[in-house]
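Colleague: There's a structure below that I have some questions on.
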Amino acid sequence: MSQTTGVSIELEKVIKRYRGQEKPAVKELSIAIEAGETVAIVGPSGCGKTTTLKMINRLIEPSSGRVLIGGTDVTKADADDLRQGIGYVVQAGGLFPHWTVEKNIGAVPGLLGWDKARTRARVTELLDLVGLDPEVFRGRFPKEMSGGQQQRVGVARALAADPPVLLMDEPFGAVDPITRVRLQDQLLAIQEELHKTIVIVTHDVDEAIKLGDRVLILSEGGQIEQFGTPEEILTAPANAFVEEFVGAGATLKHLSLSSVGEIPSAPVVIARPGDPSEEVAARAKEAKLSWVVVVDEEDRPRAWPSVSEVLSKPVVSTYVDQRLPVAERTATLADALDVMLAASQGGVLVTQRGKVIGALTIEQVAQRIRERQALANPEQAADTYRAAPS
Amino acid sequence: MTAAAGKPDLSKGPQGFTSPKTPKAPREARIGPTPRFAGGVPIDLILEPLLVVVGVVGYLIWHATQDFSETEAVQLQWSKLGESVGEHIQLTVVSAVLVVLIAIPLGILVTRKRFARVGPIIVGLANIGQAAPVLGMVVLFAMWFGTGFRTAVAALVVYAVLPILQNTVTGLRQVDDRVIEAARGQGFSAFQTLLRVELPLSVPVILHGVRTALVILVGTATLGTFIGAGGLGVLITTGVTLYLPPLLFSGALLVALLALAIDWLARLAEYLLAPRGLRGVTA
C-alpha cells in the first residue's frame, strides 16, 4: 500500500455569506489542520460545519478568505482539478447507481486518464483495503449492495487517485449503529496505514471523539467554541456551550478514551486443569489472593474460581466458564465496564491476544474516573485551542 | 505465565479495540437481483407485438375477402396504401426527431441553475402548445406558411414538445442531489456530470416522454390531410365525406396498428437503453 502522507490544510479568515441572508453562514473562520491529522468537525445543525467542509474543496465558494492546502492557496485554482486531487465521501456513499463498483471506483482515475490495467489493479487494491472481496464486488451495482457495503465503496472511490486529503460529509449517518461502529473502526485502521489528512463532519459527538485526533466544535455561524484533542474537550470543556454539547456523560465518555492496557492490571494466580489443589491454594495464599485463574495450554482463560472452590476437589477441575468476564488490553474501559455488568462481576480478566495477563477490578476503573475528574481543572482549559477574538 | 502487569499501550490509539470473540467483521447481508418478468423481459414487451400481428393478419384477410367498389379498390390497392402509410410514418418520425432535438436541450437548459428563471416561461409556452386545439393550429399554420408537409410537421412539433420537455425536466430533477454532488466532489465538471451522470440516470424517464410524444404524433398526424400533407388521414376524411366505410375503416385501423407498433418499438428502446444498474427500478 502506498505510504502517502497527507498535507496540511489552512483556513484563513474564511467567510461564507449567502445572498439575501443577514447572518453569514460562516463568519471569519481560521483553523490550521496538520498533515496526516484527522479533524472531526461537530456542532448542532446550522453551525456551518458542512459549509466549512465544502469550502475546502470549493463545492461552496468562500465569500472571502483563503484556503491553503499543502501551503498553496486553492481559492484561485481550477475547481475541477482541485477536486480531482481531494477525496470526497458523502452520506450513503453517493455512488453512481448506473455504474458498477469497478467503474465507480475508477471514476477519478478515468478523469485523470489512467490506463485500464492500472485502474483495474487499483480497484482490486482498494476493495481489499476496505474489506470487500474484489472478485465478488467488482461487477456489482450499488443497488445490489447493503448500505454499509456502499459506504465502503464510497471510501474506496474517494481514495482511488491516492489523494493526500480526504473530506467526509457525515459519511456514516445513514447506516445502522452496528455497521457504523464497524465502518468507524475500519476508517481508523485505514488511516493508521495511510496517514491522510482527513476532515470529517458529523453531528455525533461520540463519533467525533472516536475518530478525530482533534475535534472542532462549532456553534451557529461557524463560531469556534473549542478546537482540541478529544481528551481536552472531555476533561476541559472551554465553555458552557461545549460542556452542554458534549453532554453530561463526559466523565463516562472518558472511559471510551482509555484502554484497559493503560491501567496496570492486578496480578493473578495462574493454574492449569489437573494441578494439585493444595499447591495452587498455597500459591494463592502467598500472593494474598482469594481467587485463581484456570487457563488452558495456550494461557487462554477457562475459569476464575475462588480458593475454597478449588480446594473442594483434589485437583483443579477442567470446567470451562462460558460467561467469564474477559477484555483485551486494547479494549476501552467502557467496553470492560460493559463486560463486568453483563457478567455481574466486579472485575474482568485482562488478556493480550487471548492470553491472560492480569485482572482489572471495578475499583481500579472508579479510581481512574476520580483521577480524571481531578485533572479537569481550569488551568488545563487554557491549553486548548480557542477562537481568535473577532 | 505470571500475571505481569502490562505497560500502558497507547500505540493502538483509544479505539484500537477488536473484541476477541469477533475477530472478523461479520458478513453483511447480500441483496439478490430484482425480480424479472417472463424470461427477464417485461410482459407488455411481448404482448404488444402479438396484438399488432393479429391486427395485421386480420386486416389482410378482410382486405382479401371484401368486395370493394371501384373507387374503394383504387384507394385501397396495396401500392396506394403503402404510400399513405409511408407518408404517415414520415410525418410522425420527422416531427418526433425535431421534437427530441428541441425538447431535450430545452429541458436540460431549464434545469440548469443559471436558467432557473426562464424555466417556468419555457414550460408555460410548451403547455400552451399542447393546450391549443391541434386542428386549429394546423389550419392557422397553413394560413401563415402555406399548405404541405413542412407546415404539418411544424404544427405537430409545437403540439408534441411538452411531453418530452416535461419528462426531461422531471427526469433530470429526480436524480439524487447527493449523487450529483458526489460527481462534482470527485472533480467532474458540470458538463461531465450532465453527460455521464445526470442524463444516463434520466434516460428511462426521458424515453418515456419520447414514447408518449410518438403515440400522440401518430394519432395527430392524421390531421395532416387537411393541409395536403397526406398520410392515413386522407383515407379517413375521404371515407367520411364520400361515405365509403371500407376506406374509413382501413384508415382508422392502420393508424391504430401503426400507433401500437411504434409504441412497442419505443418500449423496446426504453427497456434496452435503460442503464443496467437501474433496470427493474424504473423499467
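Going by the C-alpha cells order, chains are called A, B, ..., each with residues numbered from 1, while ligands are numbered from 1 in the order shown.
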Tell me as a tab-separated table (two decimals) with C-alpha atoms, in the first residue's frame which residues belonging to chain A come within 6 Å of chain B, counting only C-alpha atoms.

Modeller:
```
chain	number	residue	atom	x	y	z
A	80	ASP	CA	-12.44	20.64	-11.03
A	83	ARG	CA	-11.38	18.31	-6.51
A	84	GLN	CA	-9.74	15.55	-8.52
A	88	TYR	CA	-14.67	13.22	-1.10
A	94	GLY	CA	-23.28	8.77	-3.12
A	97	PRO	CA	-26.30	3.90	-9.42
A	98	HIS	CA	-25.84	3.16	-13.13
A	141	PHE	CA	-24.24	-2.36	-8.98
A	144	GLU	CA	-27.10	-4.92	-5.20
A	145	MET	CA	-25.21	-3.99	-2.02
A	257	LEU	CA	-10.79	7.24	25.56
A	258	SER	CA	-8.74	5.00	27.81
A	259	SER	CA	-7.81	1.44	27.02
A	261	GLY	CA	-3.95	-1.63	29.00
A	262	GLU	CA	-3.41	1.89	30.34
A	264	PRO	CA	-1.59	-1.59	35.36
A	265	SER	CA	-3.50	-4.82	35.73
A	267	PRO	CA	-1.61	-9.75	39.41
A	268	VAL	CA	-3.41	-13.10	39.26
A	330	THR	CA	-6.71	-2.81	23.71
A	331	ALA	CA	-10.39	-2.65	24.63
A	357	ILE	CA	-2.01	-11.22	31.69
A	358	GLY	CA	-3.87	-9.95	34.73
```

Colleague: Run DSSP on the backbone of this structure and report the residues of stretch 106-222 of chain A it assigns to strand (DSSP E or B), as number ranges by chain.

Modeller: A: 165-169, 197-202, 214-219

Colleague: What would the file look like if the residues just selected were written as a short mmCIF file (atom, residue, chain, number, x, y, z; two decimals), in the first residue's frame with C-alpha atoms?

Modeller:
```cif
data_model
loop_
_atom_site.label_atom_id
_atom_site.label_comp_id
_atom_site.auth_asym_id
_atom_site.auth_seq_id
_atom_site.Cartn_x
_atom_site.Cartn_y
_atom_site.Cartn_z
CA VAL A 165 -6.68 14.89 1.68
CA LEU A 166 -9.95 13.13 2.41
CA LEU A 167 -13.11 15.10 3.12
CA MET A 168 -16.04 13.20 4.61
CA ASP A 169 -19.51 14.71 4.95
CA THR A 197 -5.27 14.42 6.24
CA ILE A 198 -8.92 13.71 6.99
CA VAL A 199 -11.63 16.24 7.72
CA ILE A 200 -14.85 14.59 8.77
CA VAL A 201 -18.14 16.32 9.50
CA THR A 202 -20.52 14.66 11.91
CA ARG A 214 -8.62 16.79 17.18
CA VAL A 215 -12.23 17.86 17.41
CA LEU A 216 -13.54 21.20 16.20
CA ILE A 217 -16.74 22.22 17.90
CA LEU A 218 -18.69 24.91 16.09
CA SER A 219 -21.77 26.88 17.05
#
```

Colleague: Going by DSSP on the backbone, which residues of stretch 276-368 of chain A come out as helix (DSSP H, G or I)? List them as an MDAnalysis selection string.

Modeller: chainID A and resid 277:286 307:311 333:343 362:368

Colleague: Next, the residues of the selection above should be written as a tab-separated table (two decimals), in the first residue's frame with C-alpha atoms.

Modeller:
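File written: part_14.tsv
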```tsv
chain	number	residue	atom	x	y	z
A	277	SER	CA	-5.36	-28.12	44.59
A	278	GLU	CA	-3.21	-27.82	47.74
A	279	GLU	CA	-0.26	-26.45	45.80
A	280	VAL	CA	-2.48	-23.92	43.95
A	281	ALA	CA	-4.10	-22.78	47.21
A	282	ALA	CA	-0.67	-22.28	48.77
A	283	ARG	CA	0.43	-20.06	45.92
A	284	ALA	CA	-2.77	-18.02	46.20
A	285	LYS	CA	-2.26	-17.58	49.92
A	286	GLU	CA	1.29	-16.43	49.33
A	307	VAL	CA	-9.63	-20.79	46.54
A	308	SER	CA	-12.32	-22.61	48.52
A	309	GLU	CA	-13.91	-23.82	45.28
A	310	VAL	CA	-10.51	-25.14	44.15
A	311	LEU	CA	-9.99	-26.94	47.47
A	333	LEU	CA	-12.56	0.96	29.75
A	334	ALA	CA	-16.17	1.46	28.66
A	335	ASP	CA	-16.07	-1.94	26.98
A	336	ALA	CA	-14.53	-3.53	30.09
A	337	LEU	CA	-17.23	-1.99	32.27
A	338	ASP	CA	-19.87	-3.35	29.90
A	339	VAL	CA	-18.42	-6.83	30.27
A	340	MET	CA	-18.44	-6.57	34.07
A	341	LEU	CA	-22.08	-5.51	34.09
A	342	ALA	CA	-23.07	-8.23	31.65
A	343	ALA	CA	-21.36	-10.90	33.76
A	362	ILE	CA	-14.21	-2.07	39.12
A	363	GLU	CA	-12.37	-0.20	41.92
A	364	GLN	CA	-9.48	0.48	39.56
A	365	VAL	CA	-11.88	1.87	36.96
A	366	ALA	CA	-13.57	4.05	39.59
A	367	GLN	CA	-10.14	5.29	40.73
A	368	ARG	CA	-9.37	6.21	37.14
```

Colleague: So the first atom is atom CA of A:Asp78 and the second is atom CA of A:Asn57; what is the distance between them in Å, to one decimal place?

Modeller: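 Interatomic distance here is 10.6 Å.
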
Colleague: Atom CA of A:Asp299 and atom CA of A:Ala266, how far apart in Å?

Modeller: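 Computed distance, atom CA of A:Ala266 to atom CA of A:Asp299, equals 16.7 Å.
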
Colleague: Measuring between only C-alpha atoms, which one of A:Ala77, A:Ala161, A:Leu188, A:Val101 shows the shortest distance to A:Phe137?

Modeller: A:Val101

Colleague: In Å, rounded to a single decimal, give me how far atom CA of A:Ala271 is from atom CA of A:Pro314.

Modeller: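 Between these atoms lies a distance of 13.5 Å.
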
Colleague: Need the shell around A:Glu61: protein/DNA/RNA residues with any atom at most 9 Å away, counting only C-alpha atoms. Skip same-chain ones fewer than 4 positions apart. Format as a ChimeraX atom specification?

Modeller: /A:16,54-57,75

Colleague: For stretch 67-71 of chain B, please output as a CSV table (one decimal) with N, CA and C atoms, in the first residue's frame all residues within 12 Å (counting only C-alpha atoms; exclusion window: fewer than 6 positions along the same chain).

Modeller:
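Written out: result-v6.csv:
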```
chain,number,residue,atom,x,y,z
B,77,GLN,N,-55.8,-0.1,-53.1
B,77,GLN,CA,-54.8,-1.0,-53.7
B,77,GLN,C,-53.5,-0.9,-52.9
B,235,LEU,N,-57.4,8.7,-46.0
B,235,LEU,CA,-58.4,7.6,-46.1
B,235,LEU,C,-59.6,7.9,-45.2
B,238,THR,N,-61.7,11.0,-46.6
B,238,THR,CA,-62.4,10.6,-47.9
B,238,THR,C,-63.5,9.6,-47.5
B,239,GLY,N,-63.2,8.7,-46.6
B,239,GLY,CA,-64.2,7.7,-46.2
B,239,GLY,C,-65.4,8.4,-45.6
B,242,LEU,N,-67.2,10.9,-48.6
B,242,LEU,CA,-67.9,10.2,-49.7
B,242,LEU,C,-68.7,9.0,-49.1
B,243,TYR,N,-68.8,8.9,-47.9
B,243,TYR,CA,-69.4,7.7,-47.2
B,243,TYR,C,-69.0,6.4,-47.8
B,244,LEU,N,-67.7,6.1,-47.6
B,244,LEU,CA,-67.1,4.8,-48.1
B,244,LEU,C,-66.5,4.1,-46.8
B,245,PRO,N,-67.3,3.4,-46.1
B,245,PRO,CA,-66.9,2.8,-44.8
B,245,PRO,C,-65.6,2.0,-44.9
B,246,PRO,N,-65.4,1.2,-46.0
B,246,PRO,CA,-64.1,0.5,-46.0
B,246,PRO,C,-62.9,1.4,-45.9
B,247,LEU,N,-62.9,2.5,-46.6
B,247,LEU,CA,-61.8,3.5,-46.5
B,247,LEU,C,-61.6,4.0,-45.1
```
